[in-house]
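Report on one structure; see the data block that follows.
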Amino acid sequence: MPDLFFKRSHKAVMIKRIDKGNIIIWAIIFCCACSFLSCSAKRPPKSVTRTHFTQSSVLQIEPVEEHIEHSVEHALQHPVEDSPEKKLQESDFEEEFKKMFKKMSGKLPHAQIIYGLYEQHSFQPILTPRFLPGNQLQDLLDYLHNSAGHGLDTALFSPGTISAWQIRYQDRDPDATLENFRTITGLELAVAASLVKYSNALQFGFVNPFKIYKSYTIPTLAPDSSSILRIFEVENLKGFLEAIQPTDKGYQAMQKMLTTLITLSDDPQSDTVRALTVNLERLRWKNKPAEPKYVSVNIANFTLDVIENERSILHMKVCVGEPGDMETPQLGSMIHSVQVNPVWNIPQSIARNEIAKRAAEDPHYLANSNINVYRKGKLVGNPAEIDWTTADLGEYSFQQQPGKENALGKIKFLFNNESSVYLHDTPVQKAFKLAVRAVSHGCVRVEKPLDLAFALFGKGEKYNLIKKAMESGRPQARYISLPEHIPIRLYYYTAWADKDQKMVRFCNDVYGLDEALYNAVQPFK
């Protein structure tokens with residue numbers, strides 16, 4: 001009798017030749033093991049290349065060869081007519097897989113993509129035949145149990161579910177062919193769910209920031225079908241798990257500090273632990289520009305850095321929006337130009353709440369502030385004659401002309417965004433001496449505007465033109481475009497590693513954005 005092979009995850013698994021009895025007994029054993037793998041001429045030859053799970057082939061996933069031999073010995077002692085599952089067809093196993101998938105689909109991220117993959121593999125396990133040998137699943141469990149060091153709740157990845165299915169698999173009844181298939185399917189899908197969740201969390205973040213924050217518009221990558229399917233191609237599980245660990249030195253410094261605090265602290269939910277937890281998650285979001293040079297603003301810390309090749313080449317203080325309706329949004333865009341000696345088209349909300357009130361108190365306020373007033377689009381000759389306590393402000397618009405009184409200072413840096421936010425100079429420098437610099441209407445005031453212009457434009461004619469125009473005694477508004485657009489990111493970090501990646505720094509959660517994120521990554525705390 002020739003050796004018999006079953007296909008298992010594209011690898012042949014051999015059941016050893018067994019010289020027991022005559023050819024009739026062998027035929028009975030063969031039918032008992034897998035009726036749908038019969039040597040009947042009716043079966044197309046291609047069936048030999050497919051994975052089939054019967055009592056014997058399910059047991060092939062067990063890494064210990066003696067169990068394979070035992071299953072055959074057991075079949076010798078139990079004739080096929082005694083088996084209650086002798087008439088099982090391949091379709092029975094496919095239906096059981098579909099049922100189990102439907103039952104567990106709520107715990108499977110990207111369930112539709114994963115279902116399509118299993119459909120291509122005739123609804124048969126992919127991961128467990130690969131990872132059960134060599135006890136690779138223990139590597140996965142070890143990483144899952146250590147996920148707290150990343151600020152992630154271990155329960156998010158359900159390591160206990162994998163362990164429960166493993167125990168059930170080890171205690172299976174060798175006679176229960178269909179039940180064995182259910183068990184291996186349950187283990188397969190539990191491993192798939194945990195591995196996909198963990199891989200996504202480490203590489204893209206566990207939380208979708210667009211669902212947490214209404215004022216978040218930073219371009220951020222998310223897992224797609226190709227990144228999901230690559231997980232099911234992994235051969236060396238430990239190597240893959242090691243490869244997806246974040247390598248950023250700042251991240252690792254914060255991770256080390258969090259691990260130490262979790263191990264030694266009596267308060268696992270201290271403010272420091274919570275801050276590290278949420279900011280590690282923010283660092284996992286794939287929202288950094290691909291370009292080597294970009295402008296980065298940390299809203300929470302009121303600072304701006306120009307980053308080039310992963311190091312800061314310019315650092316300065318900034319002022320950001322006041323908490324509440326004037327908060328500076330988290331956004332990403334491209335700086336495309338500057339306006340030197342800018343004109344300020346005053347927003348209607350500011351005109352109503354501030355400008356009109358000051359004009360009502362002081363008839364000369366508008367003229368002294370170099371603010372032009374327009375009524376239904378036409379310039380008003382003498383706005384001091386208007387009674388601003390009764391005027392219909394919906395008919396008026398206000399525009400502050402270039403000059404030393406202009407609220408935007410001598411330059412503003414422009415980038416497209418839905419919030420009409422930009423970086424700009426300011427004539428009020430005392431705000432930069434404040435510890436808490438959340439004082440603007442939403443735009444970002446920069447401490448060193450000319451230095452920023454130089455960092456963006458570099459030496460040359462355009463920078464010289466900007467410098468000369470800013471120093472002019474007769475300011476006129478003028479747009480100057482950047483030779484190459486430069487990315488800008490307005491982030492929100494309340495914890496980060498310093499430039500040497502050795503010390504972790506913290507700041508206050510000025511907008512109160514940490515709590516919602518913490519609850520999302522630690523939902524069971």
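In the structure tokens, each chain is lettered A, B, ... as it comes, each chain's residues begin at 1, and ligands are numbered from 1 in order of appearance.
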Residue contacts of A:Asn416 (10 Å, only C-alpha atoms) excluding same-chain residues fewer than 2 positions away, as a PyMOL selection string: chain A and resi 332-336+414+418-422
Residue set, stretch 85-191 of chain A restricted to alpha helix (DSSP H), as a ChimeraX atom specification: /A:90-104,111-120,128-131,136-145,159-170,177-191
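The nearest approach to A:Val191 among the residues A:Asp271, A:Glu96, A:Glu471, A:Asp139, with only C-alpha atoms taken into account, belongs to A:Asp139.
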Selection near A:Arg168, 10 Å with only C-alpha atoms, sequence-local residues under 5 positions removed, as a list in words: Ile162, Ser163, Asp173, Asn180, Thr183, Ile184, Gly186 and Leu187 of chain A
Can you spit out the residues from that selection as a PDB file, in the first residue's frame, using N, CA, C and O atoms?
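Done, and the output landed in selection-v3.pdb:
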```pdb
ATOM      1  N   ILE A 162      -7.919  32.175  23.212  1.00  0.00           N
ATOM      2  CA  ILE A 162      -7.000  31.257  22.530  1.00  0.00           C
ATOM      3  C   ILE A 162      -6.633  30.098  23.449  1.00  0.00           C
ATOM      4  O   ILE A 162      -6.655  28.928  23.040  1.00  0.00           O
ATOM      5  N   SER A 163      -6.313  30.405  24.693  1.00  0.00           N
ATOM      6  CA  SER A 163      -5.934  29.350  25.645  1.00  0.00           C
ATOM      7  C   SER A 163      -7.076  28.364  25.860  1.00  0.00           C
ATOM      8  O   SER A 163      -6.858  27.143  25.953  1.00  0.00           O
ATOM      9  N   ASP A 173     -12.077  14.470  21.689  1.00  0.00           N
ATOM     10  CA  ASP A 173     -12.395  13.047  21.548  1.00  0.00           C
ATOM     11  C   ASP A 173     -12.001  12.619  20.144  1.00  0.00           C
ATOM     12  O   ASP A 173     -12.534  13.153  19.157  1.00  0.00           O
ATOM     13  N   ASN A 180     -14.250  17.726  16.345  1.00  0.00           N
ATOM     14  CA  ASN A 180     -12.841  18.104  16.250  1.00  0.00           C
ATOM     15  C   ASN A 180     -12.646  19.246  15.264  1.00  0.00           C
ATOM     16  O   ASN A 180     -11.848  20.161  15.494  1.00  0.00           O
ATOM     17  N   THR A 183     -13.631  22.441  16.804  1.00  0.00           N
ATOM     18  CA  THR A 183     -12.615  22.892  17.759  1.00  0.00           C
ATOM     19  C   THR A 183     -11.446  23.562  17.056  1.00  0.00           C
ATOM     20  O   THR A 183     -11.009  24.650  17.446  1.00  0.00           O
ATOM     21  N   ILE A 184     -10.947  22.918  16.008  1.00  0.00           N
ATOM     22  CA  ILE A 184      -9.808  23.512  15.315  1.00  0.00           C
ATOM     23  C   ILE A 184     -10.213  24.794  14.610  1.00  0.00           C
ATOM     24  O   ILE A 184      -9.428  25.748  14.491  1.00  0.00           O
ATOM     25  N   GLY A 186     -12.571  26.872  15.747  1.00  0.00           N
ATOM     26  CA  GLY A 186     -12.656  27.872  16.807  1.00  0.00           C
ATOM     27  C   GLY A 186     -11.293  28.414  17.188  1.00  0.00           C
ATOM     28  O   GLY A 186     -11.111  29.620  17.364  1.00  0.00           O
ATOM     29  N   LEU A 187     -10.307  27.515  17.305  1.00  0.00           N
ATOM     30  CA  LEU A 187      -8.944  27.941  17.612  1.00  0.00           C
ATOM     31  C   LEU A 187      -8.387  28.797  16.482  1.00  0.00           C
ATOM     32  O   LEU A 187      -7.746  29.824  16.718  1.00  0.00           O
TER      33      LEU A 187
END
```
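Picture a line from atom CA of A:Ile313 to atom CA of A:Val446; it runs 15.6 Å.
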